[in-house]
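Raw data04.cif, mmCIF, N, CA and C atoms:
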```cif
data_entry
loop_
_atom_site.label_atom_id
_atom_site.label_comp_id
_atom_site.auth_asym_id
_atom_site.auth_seq_id
_atom_site.Cartn_x
_atom_site.Cartn_y
_atom_site.Cartn_z
N PRO A 1 57.83 -14.57 47.11
CA PRO A 1 58.94 -15.29 47.75
C PRO A 1 59.83 -14.38 48.59
N TRP A 2 60.03 -13.13 48.13
CA TRP A 2 60.87 -12.21 48.90
C TRP A 2 60.24 -11.88 50.24
N ALA A 3 58.93 -11.75 50.28
CA ALA A 3 58.24 -11.40 51.51
C ALA A 3 58.50 -12.43 52.60
N GLU A 4 58.57 -13.69 52.21
CA GLU A 4 58.83 -14.75 53.18
C GLU A 4 60.26 -14.70 53.70
N ARG A 5 61.19 -14.30 52.84
CA ARG A 5 62.60 -14.23 53.24
C ARG A 5 62.87 -12.99 54.08
N GLY A 6 62.22 -11.88 53.77
CA GLY A 6 62.42 -10.64 54.52
C GLY A 6 63.66 -9.86 54.14
N ARG A 7 64.66 -10.53 53.58
CA ARG A 7 65.91 -9.88 53.19
C ARG A 7 66.42 -10.57 51.94
N ILE A 8 66.87 -9.78 50.99
CA ILE A 8 67.42 -10.33 49.76
C ILE A 8 68.78 -9.70 49.49
N MET A 9 69.48 -10.25 48.53
CA MET A 9 70.76 -9.72 48.12
C MET A 9 70.55 -8.84 46.89
N PRO A 10 71.39 -7.85 46.67
CA PRO A 10 71.24 -6.99 45.48
C PRO A 10 71.17 -7.77 44.17
N LYS A 11 71.92 -8.86 44.07
CA LYS A 11 71.92 -9.66 42.83
C LYS A 11 70.54 -10.25 42.54
N ASP A 12 69.71 -10.43 43.57
CA ASP A 12 68.36 -10.98 43.39
C ASP A 12 67.48 -10.05 42.55
N LEU A 13 67.82 -8.78 42.51
CA LEU A 13 67.02 -7.80 41.77
C LEU A 13 67.08 -8.02 40.26
N SER A 14 68.16 -8.61 39.79
CA SER A 14 68.36 -8.81 38.35
C SER A 14 67.34 -9.75 37.73
N ASN A 15 66.72 -10.59 38.53
CA ASN A 15 65.79 -11.60 38.01
C ASN A 15 64.33 -11.14 38.06
N GLU A 16 64.08 -9.88 38.36
CA GLU A 16 62.71 -9.42 38.58
C GLU A 16 62.39 -8.23 37.68
N LYS A 17 61.11 -8.07 37.38
CA LYS A 17 60.63 -6.91 36.63
C LYS A 17 59.84 -6.04 37.60
N PHE A 18 60.18 -4.75 37.64
CA PHE A 18 59.64 -3.83 38.65
C PHE A 18 58.59 -2.88 38.11
N LEU A 19 57.73 -2.46 39.00
CA LEU A 19 56.83 -1.33 38.74
C LEU A 19 57.62 -0.10 39.16
N MET A 20 57.66 0.90 38.31
CA MET A 20 58.44 2.10 38.61
C MET A 20 57.63 3.34 38.32
N ARG A 21 58.01 4.42 38.99
CA ARG A 21 57.45 5.73 38.66
C ARG A 21 57.93 6.12 37.28
N GLU A 22 57.31 7.16 36.73
CA GLU A 22 57.68 7.64 35.40
C GLU A 22 59.06 8.28 35.42
N LYS A 23 59.69 8.35 34.23
CA LYS A 23 61.00 9.01 34.13
C LYS A 23 60.86 10.45 34.61
N GLY A 24 61.86 10.92 35.33
CA GLY A 24 61.82 12.26 35.88
C GLY A 24 61.36 12.29 37.32
N SER A 25 60.78 11.21 37.80
CA SER A 25 60.36 11.10 39.20
C SER A 25 61.61 11.01 40.07
N ALA A 26 61.63 11.74 41.16
CA ALA A 26 62.78 11.70 42.06
C ALA A 26 62.98 10.31 42.64
N THR A 27 61.90 9.62 42.94
CA THR A 27 62.00 8.26 43.48
C THR A 27 62.70 7.35 42.48
N ARG A 28 62.29 7.43 41.24
CA ARG A 28 62.91 6.58 40.20
C ARG A 28 64.36 6.95 40.00
N ASP A 29 64.65 8.25 39.91
CA ASP A 29 66.02 8.70 39.67
C ASP A 29 66.97 8.19 40.75
N ILE A 30 66.60 8.37 42.02
CA ILE A 30 67.49 7.98 43.11
C ILE A 30 67.64 6.46 43.17
N THR A 31 66.57 5.73 42.87
CA THR A 31 66.63 4.26 42.87
C THR A 31 67.54 3.77 41.76
N GLU A 32 67.33 4.25 40.55
CA GLU A 32 68.17 3.81 39.43
C GLU A 32 69.64 4.18 39.63
N LYS A 33 69.91 5.37 40.13
CA LYS A 33 71.30 5.78 40.36
C LYS A 33 71.97 4.92 41.42
N THR A 34 71.23 4.59 42.47
CA THR A 34 71.78 3.74 43.53
C THR A 34 72.23 2.40 42.97
N PHE A 35 71.38 1.78 42.16
CA PHE A 35 71.73 0.46 41.65
C PHE A 35 72.70 0.51 40.48
N GLN A 36 72.69 1.59 39.70
CA GLN A 36 73.69 1.74 38.64
C GLN A 36 75.09 1.77 39.23
N LYS A 37 75.24 2.45 40.37
CA LYS A 37 76.54 2.51 41.04
C LYS A 37 77.01 1.12 41.46
N MET A 38 76.06 0.22 41.68
CA MET A 38 76.39 -1.15 42.09
C MET A 38 76.50 -2.09 40.89
N GLY A 39 76.29 -1.55 39.68
CA GLY A 39 76.37 -2.35 38.48
C GLY A 39 75.12 -3.19 38.22
N ILE A 40 73.99 -2.78 38.80
CA ILE A 40 72.73 -3.51 38.64
C ILE A 40 71.77 -2.66 37.83
N LYS A 41 71.27 -3.23 36.72
CA LYS A 41 70.27 -2.55 35.92
C LYS A 41 68.93 -3.18 36.23
N LEU A 42 67.98 -2.35 36.63
CA LEU A 42 66.66 -2.83 36.97
C LEU A 42 65.81 -2.97 35.71
N SER A 43 65.09 -4.07 35.59
CA SER A 43 64.15 -4.27 34.49
C SER A 43 62.80 -3.72 34.91
N ILE A 44 62.16 -3.03 33.98
CA ILE A 44 60.88 -2.38 34.30
C ILE A 44 59.75 -3.09 33.58
N ALA A 45 58.78 -3.56 34.36
CA ALA A 45 57.60 -4.21 33.79
C ALA A 45 56.59 -3.16 33.35
N MET A 46 56.48 -2.08 34.16
CA MET A 46 55.47 -1.07 33.88
C MET A 46 55.84 0.24 34.58
N GLU A 47 55.60 1.35 33.91
CA GLU A 47 55.76 2.68 34.51
C GLU A 47 54.40 3.16 34.96
N MET A 48 54.35 3.74 36.15
CA MET A 48 53.09 4.23 36.70
C MET A 48 53.28 5.65 37.21
N PRO A 49 52.23 6.47 37.13
CA PRO A 49 52.37 7.89 37.42
C PRO A 49 52.27 8.30 38.89
N ALA A 50 51.87 7.40 39.76
CA ALA A 50 51.64 7.82 41.14
C ALA A 50 51.85 6.66 42.11
N PRO A 51 52.22 6.97 43.35
CA PRO A 51 52.42 5.92 44.34
C PRO A 51 51.19 5.03 44.54
N GLU A 52 50.01 5.60 44.49
CA GLU A 52 48.79 4.81 44.69
C GLU A 52 48.66 3.74 43.59
N ALA A 53 48.96 4.10 42.35
CA ALA A 53 48.91 3.15 41.25
C ALA A 53 49.95 2.04 41.44
N ILE A 54 51.11 2.41 41.90
CA ILE A 54 52.16 1.41 42.15
C ILE A 54 51.73 0.45 43.25
N LYS A 55 51.18 0.97 44.33
CA LYS A 55 50.72 0.10 45.42
C LYS A 55 49.68 -0.89 44.91
N ARG A 56 48.74 -0.41 44.12
CA ARG A 56 47.69 -1.29 43.58
C ARG A 56 48.29 -2.36 42.66
N GLY A 57 49.29 -1.97 41.86
CA GLY A 57 49.95 -2.93 40.98
C GLY A 57 50.68 -4.01 41.74
N VAL A 58 51.37 -3.63 42.80
CA VAL A 58 52.07 -4.61 43.63
C VAL A 58 51.05 -5.55 44.28
N MET A 59 49.98 -4.99 44.82
CA MET A 59 48.95 -5.82 45.46
C MET A 59 48.28 -6.76 44.46
N ALA A 60 48.23 -6.35 43.19
CA ALA A 60 47.64 -7.20 42.15
C ALA A 60 48.62 -8.27 41.66
N GLY A 61 49.87 -8.21 42.13
CA GLY A 61 50.84 -9.23 41.77
C GLY A 61 51.59 -8.97 40.48
N ILE A 62 51.55 -7.73 39.98
CA ILE A 62 52.25 -7.42 38.73
C ILE A 62 53.76 -7.46 38.93
N GLY A 63 54.22 -7.04 40.09
CA GLY A 63 55.65 -7.05 40.37
C GLY A 63 55.97 -6.24 41.60
N PRO A 64 57.22 -6.29 42.04
CA PRO A 64 57.65 -5.49 43.19
C PRO A 64 57.93 -4.05 42.76
N ALA A 65 58.12 -3.18 43.75
CA ALA A 65 58.38 -1.77 43.46
C ALA A 65 59.21 -1.15 44.56
N PHE A 66 59.84 -0.06 44.22
CA PHE A 66 60.51 0.79 45.19
C PHE A 66 59.60 1.97 45.43
N ILE A 67 59.26 2.22 46.68
CA ILE A 67 58.33 3.29 47.01
C ILE A 67 58.66 3.81 48.40
N SER A 68 58.37 5.06 48.65
CA SER A 68 58.64 5.67 49.95
C SER A 68 57.90 4.91 51.05
N GLN A 69 58.59 4.68 52.15
CA GLN A 69 57.94 3.99 53.27
C GLN A 69 56.76 4.79 53.80
N PHE A 70 56.78 6.09 53.63
CA PHE A 70 55.67 6.92 54.10
C PHE A 70 54.43 6.73 53.24
N ALA A 71 54.62 6.35 51.98
CA ALA A 71 53.49 6.13 51.08
C ALA A 71 52.79 4.80 51.35
N VAL A 72 53.47 3.90 52.06
CA VAL A 72 52.89 2.57 52.29
C VAL A 72 52.71 2.24 53.77
N GLN A 73 52.73 3.23 54.62
CA GLN A 73 52.61 2.98 56.06
C GLN A 73 51.37 2.17 56.41
N ASP A 74 50.23 2.56 55.89
CA ASP A 74 48.98 1.86 56.21
C ASP A 74 49.01 0.42 55.71
N GLU A 75 49.49 0.22 54.49
CA GLU A 75 49.55 -1.12 53.90
C GLU A 75 50.53 -2.03 54.65
N LEU A 76 51.61 -1.46 55.14
CA LEU A 76 52.55 -2.26 55.93
C LEU A 76 51.92 -2.65 57.27
N LYS A 77 51.19 -1.72 57.86
CA LYS A 77 50.52 -2.01 59.14
C LYS A 77 49.45 -3.07 59.00
N ASN A 78 48.64 -2.98 57.93
CA ASN A 78 47.55 -3.95 57.79
C ASN A 78 47.97 -5.23 57.08
N GLY A 79 49.22 -5.31 56.64
CA GLY A 79 49.74 -6.54 56.06
C GLY A 79 49.43 -6.77 54.59
N SER A 80 48.84 -5.79 53.92
CA SER A 80 48.55 -5.97 52.50
C SER A 80 49.81 -5.82 51.64
N LEU A 81 50.85 -5.18 52.18
CA LEU A 81 52.16 -5.11 51.54
C LEU A 81 53.23 -5.44 52.58
N VAL A 82 54.37 -5.91 52.10
CA VAL A 82 55.48 -6.26 52.98
C VAL A 82 56.74 -5.56 52.47
N ALA A 83 57.49 -4.97 53.39
CA ALA A 83 58.78 -4.37 53.03
C ALA A 83 59.86 -5.44 53.09
N VAL A 84 60.75 -5.42 52.13
CA VAL A 84 61.85 -6.38 52.07
C VAL A 84 63.15 -5.60 52.09
N ASN A 85 64.06 -5.95 52.96
CA ASN A 85 65.36 -5.30 53.03
C ASN A 85 66.29 -5.89 51.98
N ILE A 86 67.12 -5.02 51.40
CA ILE A 86 68.13 -5.45 50.44
C ILE A 86 69.47 -5.31 51.15
N GLN A 87 70.15 -6.43 51.34
CA GLN A 87 71.40 -6.45 52.08
C GLN A 87 72.38 -5.40 51.58
N GLY A 88 72.81 -4.51 52.48
CA GLY A 88 73.81 -3.51 52.15
C GLY A 88 73.32 -2.31 51.35
N VAL A 89 72.01 -2.17 51.17
CA VAL A 89 71.48 -1.07 50.38
C VAL A 89 70.55 -0.20 51.24
N LYS A 90 70.81 1.09 51.23
CA LYS A 90 69.92 2.04 51.89
C LYS A 90 69.71 3.20 50.91
N ILE A 91 68.47 3.41 50.52
CA ILE A 91 68.15 4.49 49.59
C ILE A 91 67.51 5.62 50.39
N THR A 92 68.09 6.79 50.29
CA THR A 92 67.55 7.94 51.00
C THR A 92 67.39 9.12 50.06
N ARG A 93 66.48 10.01 50.42
CA ARG A 93 66.28 11.25 49.67
C ARG A 93 66.41 12.41 50.64
N ASN A 94 66.97 13.49 50.15
CA ASN A 94 67.09 14.69 50.96
C ASN A 94 66.11 15.75 50.48
N PHE A 95 65.54 16.45 51.42
CA PHE A 95 64.64 17.55 51.11
C PHE A 95 65.21 18.81 51.76
N MET A 96 64.96 19.94 51.14
CA MET A 96 65.41 21.21 51.68
C MET A 96 64.22 22.12 51.91
N ILE A 97 64.34 22.91 52.95
CA ILE A 97 63.34 23.94 53.22
C ILE A 97 64.06 25.27 53.05
N VAL A 98 63.48 26.12 52.25
CA VAL A 98 64.09 27.43 52.03
C VAL A 98 63.10 28.53 52.42
N HIS A 99 63.66 29.64 52.87
CA HIS A 99 62.84 30.82 53.13
C HIS A 99 63.71 32.05 52.94
N LYS A 100 63.06 33.17 52.79
CA LYS A 100 63.78 34.40 52.55
C LYS A 100 64.63 34.74 53.77
N ARG A 101 65.90 35.02 53.52
CA ARG A 101 66.87 35.20 54.58
C ARG A 101 66.50 36.30 55.59
N LYS A 102 66.16 37.45 55.14
CA LYS A 102 65.97 38.58 56.06
C LYS A 102 64.51 38.76 56.48
N ARG A 103 63.71 37.78 56.23
CA ARG A 103 62.31 37.88 56.59
C ARG A 103 62.00 36.92 57.73
N GLN A 104 61.38 37.43 58.76
CA GLN A 104 61.04 36.59 59.90
C GLN A 104 59.90 35.64 59.51
N MET A 105 60.00 34.39 59.95
CA MET A 105 58.96 33.41 59.63
C MET A 105 57.71 33.68 60.47
N LEU A 106 56.58 33.54 59.82
CA LEU A 106 55.30 33.67 60.52
C LEU A 106 55.10 32.45 61.41
N PRO A 107 54.20 32.53 62.38
CA PRO A 107 54.02 31.43 63.34
C PRO A 107 53.65 30.08 62.70
N VAL A 108 52.78 30.06 61.71
CA VAL A 108 52.36 28.78 61.12
C VAL A 108 53.53 28.12 60.38
N PRO A 109 54.23 28.82 59.49
CA PRO A 109 55.38 28.17 58.84
C PRO A 109 56.45 27.75 59.85
N ARG A 110 56.67 28.56 60.87
CA ARG A 110 57.67 28.21 61.89
C ARG A 110 57.26 26.93 62.63
N ALA A 111 55.98 26.80 62.97
CA ALA A 111 55.49 25.60 63.64
C ALA A 111 55.64 24.38 62.72
N PHE A 112 55.34 24.57 61.43
CA PHE A 112 55.50 23.48 60.47
C PHE A 112 56.96 23.03 60.40
N LEU A 113 57.88 23.98 60.33
CA LEU A 113 59.30 23.67 60.30
C LEU A 113 59.72 22.91 61.55
N GLU A 114 59.25 23.35 62.70
CA GLU A 114 59.59 22.67 63.95
C GLU A 114 59.07 21.23 63.96
N GLU A 115 57.87 21.03 63.41
CA GLU A 115 57.31 19.67 63.31
C GLU A 115 58.18 18.80 62.41
N LEU A 116 58.61 19.35 61.28
CA LEU A 116 59.46 18.59 60.37
C LEU A 116 60.78 18.21 61.05
N LEU A 117 61.38 19.14 61.73
CA LEU A 117 62.64 18.86 62.40
C LEU A 117 62.44 17.84 63.52
N ASN A 118 61.33 17.93 64.23
CA ASN A 118 61.01 16.97 65.29
C ASN A 118 60.78 15.59 64.68
N PHE A 119 60.06 15.54 63.57
CA PHE A 119 59.78 14.28 62.88
C PHE A 119 61.10 13.63 62.45
N ARG A 120 61.98 14.44 61.87
CA ARG A 120 63.26 13.93 61.38
C ARG A 120 64.07 13.32 62.51
N SER A 121 64.10 13.98 63.67
CA SER A 121 64.91 13.48 64.77
C SER A 121 64.34 12.18 65.35
N HIS A 122 63.06 11.93 65.16
CA HIS A 122 62.45 10.70 65.69
C HIS A 122 62.41 9.55 64.69
N TYR A 123 62.33 9.85 63.40
CA TYR A 123 62.10 8.79 62.41
C TYR A 123 63.20 8.61 61.38
N CYS A 124 64.12 9.52 61.28
CA CYS A 124 65.13 9.41 60.22
C CYS A 124 66.50 9.08 60.79
#
```
Take the structure in this file and express it as structure tokens.
Amino acid sequence: PWAERGRIMPKDLSNEKFLMREKGSATRDITEKTFQKMGIKLSIAMEMPAPEAIKRGVMAGIGPAFISQFAVQDELKNGSLVAVNIQGVKITRNFMIVHKRKRQMLPVPRAFLEELLNFRSHYC
């Protein structure tokens, strides 16, 4: 039903049981913290160890899930999964790149860093 609507309200989450990553997963932690701040406790139907397992569970109709958009790009394109917006909610994760301060970066890591920064400016 959510797929047909395309957008739901945060209160709609209270009536659903979700597929979630295991405890300790960054995806789960950030999702639960986001909704705890809003006073919403998510019910969990099943814990799964990997994004691929979660995608399969959603496609099998076990329940909805929160998953990185990058993990479901192909499924969104081919229509086997649908993304639903939650009014007023945006969940983001931050990543850091670290390297030794006084050491010059080699060409391959430097090129990788430039690709990441280019990707971020186009997609984030």
Give me every helix (DSSP H, G or I) residue in region 12-109 of chain A, going by DSSP on the backbone, as a ChimeraX atom specification. /A:12-15,26-37,51-59,69-78,107-109
Show me as a PyMOL selection string the residues that reach within 10 Å of (66.3, -0.6, 49.4), counting only C-alpha atoms and using the file's own coordinates. chain A and resi 8+10+31+34-35+65-68+83-92
Translate the PyMOL selection byres (((chain A and resi 18 and name CA) around 6) and name CA) into a concrete residue list for this structure, as a short mmCIF file (atom, residue, chain, number, x, y, z; two decimals) with N, CA and C atoms, in the coordinates of the input.
```cif
data_model
loop_
_atom_site.label_atom_id
_atom_site.label_comp_id
_atom_site.auth_asym_id
_atom_site.auth_seq_id
_atom_site.Cartn_x
_atom_site.Cartn_y
_atom_site.Cartn_z
N LYS A 17 61.11 -8.07 37.38
CA LYS A 17 60.63 -6.91 36.63
C LYS A 17 59.84 -6.04 37.60
N LEU A 19 57.73 -2.46 39.00
CA LEU A 19 56.83 -1.33 38.74
C LEU A 19 57.62 -0.10 39.16
N ILE A 44 62.16 -3.03 33.98
CA ILE A 44 60.88 -2.38 34.30
C ILE A 44 59.75 -3.09 33.58
N ALA A 45 58.78 -3.56 34.36
CA ALA A 45 57.60 -4.21 33.79
C ALA A 45 56.59 -3.16 33.35
N GLY A 63 54.22 -7.04 40.09
CA GLY A 63 55.65 -7.05 40.37
C GLY A 63 55.97 -6.24 41.60
N PRO A 64 57.22 -6.29 42.04
CA PRO A 64 57.65 -5.49 43.19
C PRO A 64 57.93 -4.05 42.76
N ALA A 65 58.12 -3.18 43.75
CA ALA A 65 58.38 -1.77 43.46
C ALA A 65 59.21 -1.15 44.56
#
```
Atomic distance atom C of Glu115 (chain A) - CA of Lys77 (chain A), expressed in Å with one decimal: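 Interatomic distance here is 22.4 Å.
You will find atom C of Asp12 (chain A) at 28.0 Å from atom N of Phe95 (chain A).
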How many Å separate atom N of Leu42 (chain A) from atom N of Arg5 (chain A)?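 Separating atom N of Leu42 (chain A) from atom N of Arg5 (chain A) is a distance of 21.3 Å.
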Enumerate the residues of chain A with a DSSP assignment of strand (DSSP E), computed from the backbone, and present them as an NGL selection string. :A and (7-8 or 17-21 or 43-48 or 85-86)
Skip Glu32 (chain A) itself and residues of its chain fewer than 6 positions away, then list as number ranges by chain all residues within 8 Å of it, counting all atoms listed in the file. A: 26, 38, 40-42
From the options A:Lys100, A:Lys11, A:Arg28, A:Ala71, which residue's atoms come nearest to Pro51 (chain A), counting only N, CA and C atoms?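 Residue with the minimum atom-to-atom distance to Pro51 (chain A): A:Ala71.
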How big is the axis-aligned box around all listed atoms of region 99-117 of chain A once 8 Å goes on each side, and where's its centre, in Å to one decimal, as JSON?
```
{"center_x": 59.6, "center_y": 28.3, "center_z": 58.3, "size_x": 30.5, "size_y": 36.9, "size_z": 27.4}
```
Looking at only N, CA and C atoms, which of A:Glu52, A:Glu47, A:Glu114, A:Glu75 is the one that sits closest to Arg21 (chain A)? A:Glu47
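Distance annotation: of A:Leu76, A:Leu116, A:Met20, A:Leu81, the residue with the minimal separation from Ala60 (chain A) is A:Leu81; atom set is only C-alpha atoms.
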C-alpha atoms of region 5-82 of chain A from block above, as an mmCIF file, in the first residue's frame:
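Here's the written file result.cif:
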```cif
data_model
loop_
_atom_site.group_PDB
_atom_site.id
_atom_site.type_symbol
_atom_site.label_atom_id
_atom_site.label_comp_id
_atom_site.auth_asym_id
_atom_site.auth_seq_id
_atom_site.Cartn_x
_atom_site.Cartn_y
_atom_site.Cartn_z
ATOM 1 C CA ARG A 5 1.050 6.259 -2.104
ATOM 2 C CA GLY A 6 4.735 7.102 -2.583
ATOM 3 C CA ARG A 7 4.792 9.175 0.615
ATOM 4 C CA ILE A 8 3.753 8.331 4.147
ATOM 5 C CA MET A 9 3.649 10.081 7.484
ATOM 6 C CA PRO A 10 5.971 9.083 10.353
ATOM 7 C CA LYS A 11 2.964 7.883 12.388
ATOM 8 C CA ASP A 12 2.286 5.270 9.661
ATOM 9 C CA LEU A 13 5.450 3.442 10.755
ATOM 10 C CA SER A 14 3.883 2.435 14.076
ATOM 11 C CA ASN A 15 1.519 -0.018 12.368
ATOM 12 C CA GLU A 16 4.205 -2.008 10.540
ATOM 13 C CA LYS A 17 6.789 -4.671 11.355
ATOM 14 C CA PHE A 18 10.176 -4.070 9.723
ATOM 15 C CA LEU A 19 13.087 -6.109 8.482
ATOM 16 C CA MET A 20 16.188 -4.670 10.119
ATOM 17 C CA ARG A 21 19.909 -5.198 10.158
ATOM 18 C CA GLU A 22 21.405 -6.821 13.237
ATOM 19 C CA LYS A 23 22.092 -4.816 16.410
ATOM 20 C CA GLY A 24 25.344 -2.912 16.060
ATOM 21 C CA SER A 25 24.786 -2.193 12.365
ATOM 22 C CA ALA A 26 25.294 1.489 11.570
ATOM 23 C CA THR A 27 22.189 1.477 9.375
ATOM 24 C CA ARG A 28 20.053 0.150 12.214
ATOM 25 C CA ASP A 29 21.584 2.476 14.801
ATOM 26 C CA ILE A 30 21.004 5.646 12.764
ATOM 27 C CA THR A 31 17.470 4.569 11.800
ATOM 28 C CA GLU A 32 16.414 3.741 15.355
ATOM 29 C CA LYS A 33 17.957 6.938 16.764
ATOM 30 C CA THR A 34 16.210 9.067 14.139
ATOM 31 C CA PHE A 35 12.798 7.692 15.027
ATOM 32 C CA GLN A 36 13.431 7.571 18.791
ATOM 33 C CA LYS A 37 13.984 11.337 18.643
ATOM 34 C CA MET A 38 10.530 11.593 17.061
ATOM 35 C CA GLY A 39 8.969 9.358 19.723
ATOM 36 C CA ILE A 40 8.429 6.462 17.303
ATOM 37 C CA LYS A 41 9.473 2.936 18.235
ATOM 38 C CA LEU A 42 9.874 0.636 15.266
ATOM 39 C CA SER A 43 8.592 -2.938 15.555
ATOM 40 C CA ILE A 44 10.947 -5.551 14.164
ATOM 41 C CA ALA A 45 9.620 -8.614 12.361
ATOM 42 C CA MET A 46 13.044 -10.064 11.627
ATOM 43 C CA GLU A 47 16.741 -9.215 11.963
ATOM 44 C CA MET A 48 18.920 -9.962 8.959
ATOM 45 C CA PRO A 49 22.710 -9.880 8.625
ATOM 46 C CA ALA A 50 23.151 -8.267 5.217
ATOM 47 C CA PRO A 51 21.495 -5.867 2.767
ATOM 48 C CA GLU A 52 21.013 -8.650 0.207
ATOM 49 C CA ALA A 53 19.004 -10.700 2.730
ATOM 50 C CA ILE A 54 16.880 -7.669 3.565
ATOM 51 C CA LYS A 55 16.170 -6.979 -0.108
ATOM 52 C CA ARG A 56 15.079 -10.590 -0.623
ATOM 53 C CA GLY A 57 12.847 -10.422 2.455
ATOM 54 C CA VAL A 58 11.135 -7.259 1.254
ATOM 55 C CA MET A 59 10.641 -8.757 -2.216
ATOM 56 C CA ALA A 60 9.137 -11.859 -0.571
ATOM 57 C CA GLY A 61 6.602 -9.651 1.206
ATOM 58 C CA ILE A 62 7.837 -10.200 4.769
ATOM 59 C CA GLY A 63 7.830 -6.467 5.477
ATOM 60 C CA PRO A 64 9.350 -3.097 4.655
ATOM 61 C CA ALA A 65 12.912 -2.107 5.520
ATOM 62 C CA PHE A 66 15.273 0.803 5.817
ATOM 63 C CA ILE A 67 18.266 0.286 3.557
ATOM 64 C CA SER A 68 20.858 2.436 1.810
ATOM 65 C CA GLN A 69 19.680 3.731 -1.542
ATOM 66 C CA PHE A 70 22.996 2.584 -2.984
ATOM 67 C CA ALA A 71 22.251 -1.005 -1.965
ATOM 68 C CA VAL A 72 18.979 -1.007 -3.913
ATOM 69 C CA GLN A 73 19.828 1.028 -7.016
ATOM 70 C CA ASP A 74 19.309 -1.870 -9.413
ATOM 71 C CA GLU A 75 16.050 -2.976 -7.777
ATOM 72 C CA LEU A 76 14.676 0.564 -7.879
ATOM 73 C CA LYS A 77 15.580 0.849 -11.564
ATOM 74 C CA ASN A 78 14.007 -2.472 -12.537
ATOM 75 C CA GLY A 79 10.927 -1.896 -10.361
ATOM 76 C CA SER A 80 11.295 -4.927 -8.094
ATOM 77 C CA LEU A 81 11.472 -2.537 -5.100
ATOM 78 C CA VAL A 82 9.972 0.908 -4.552
#
```
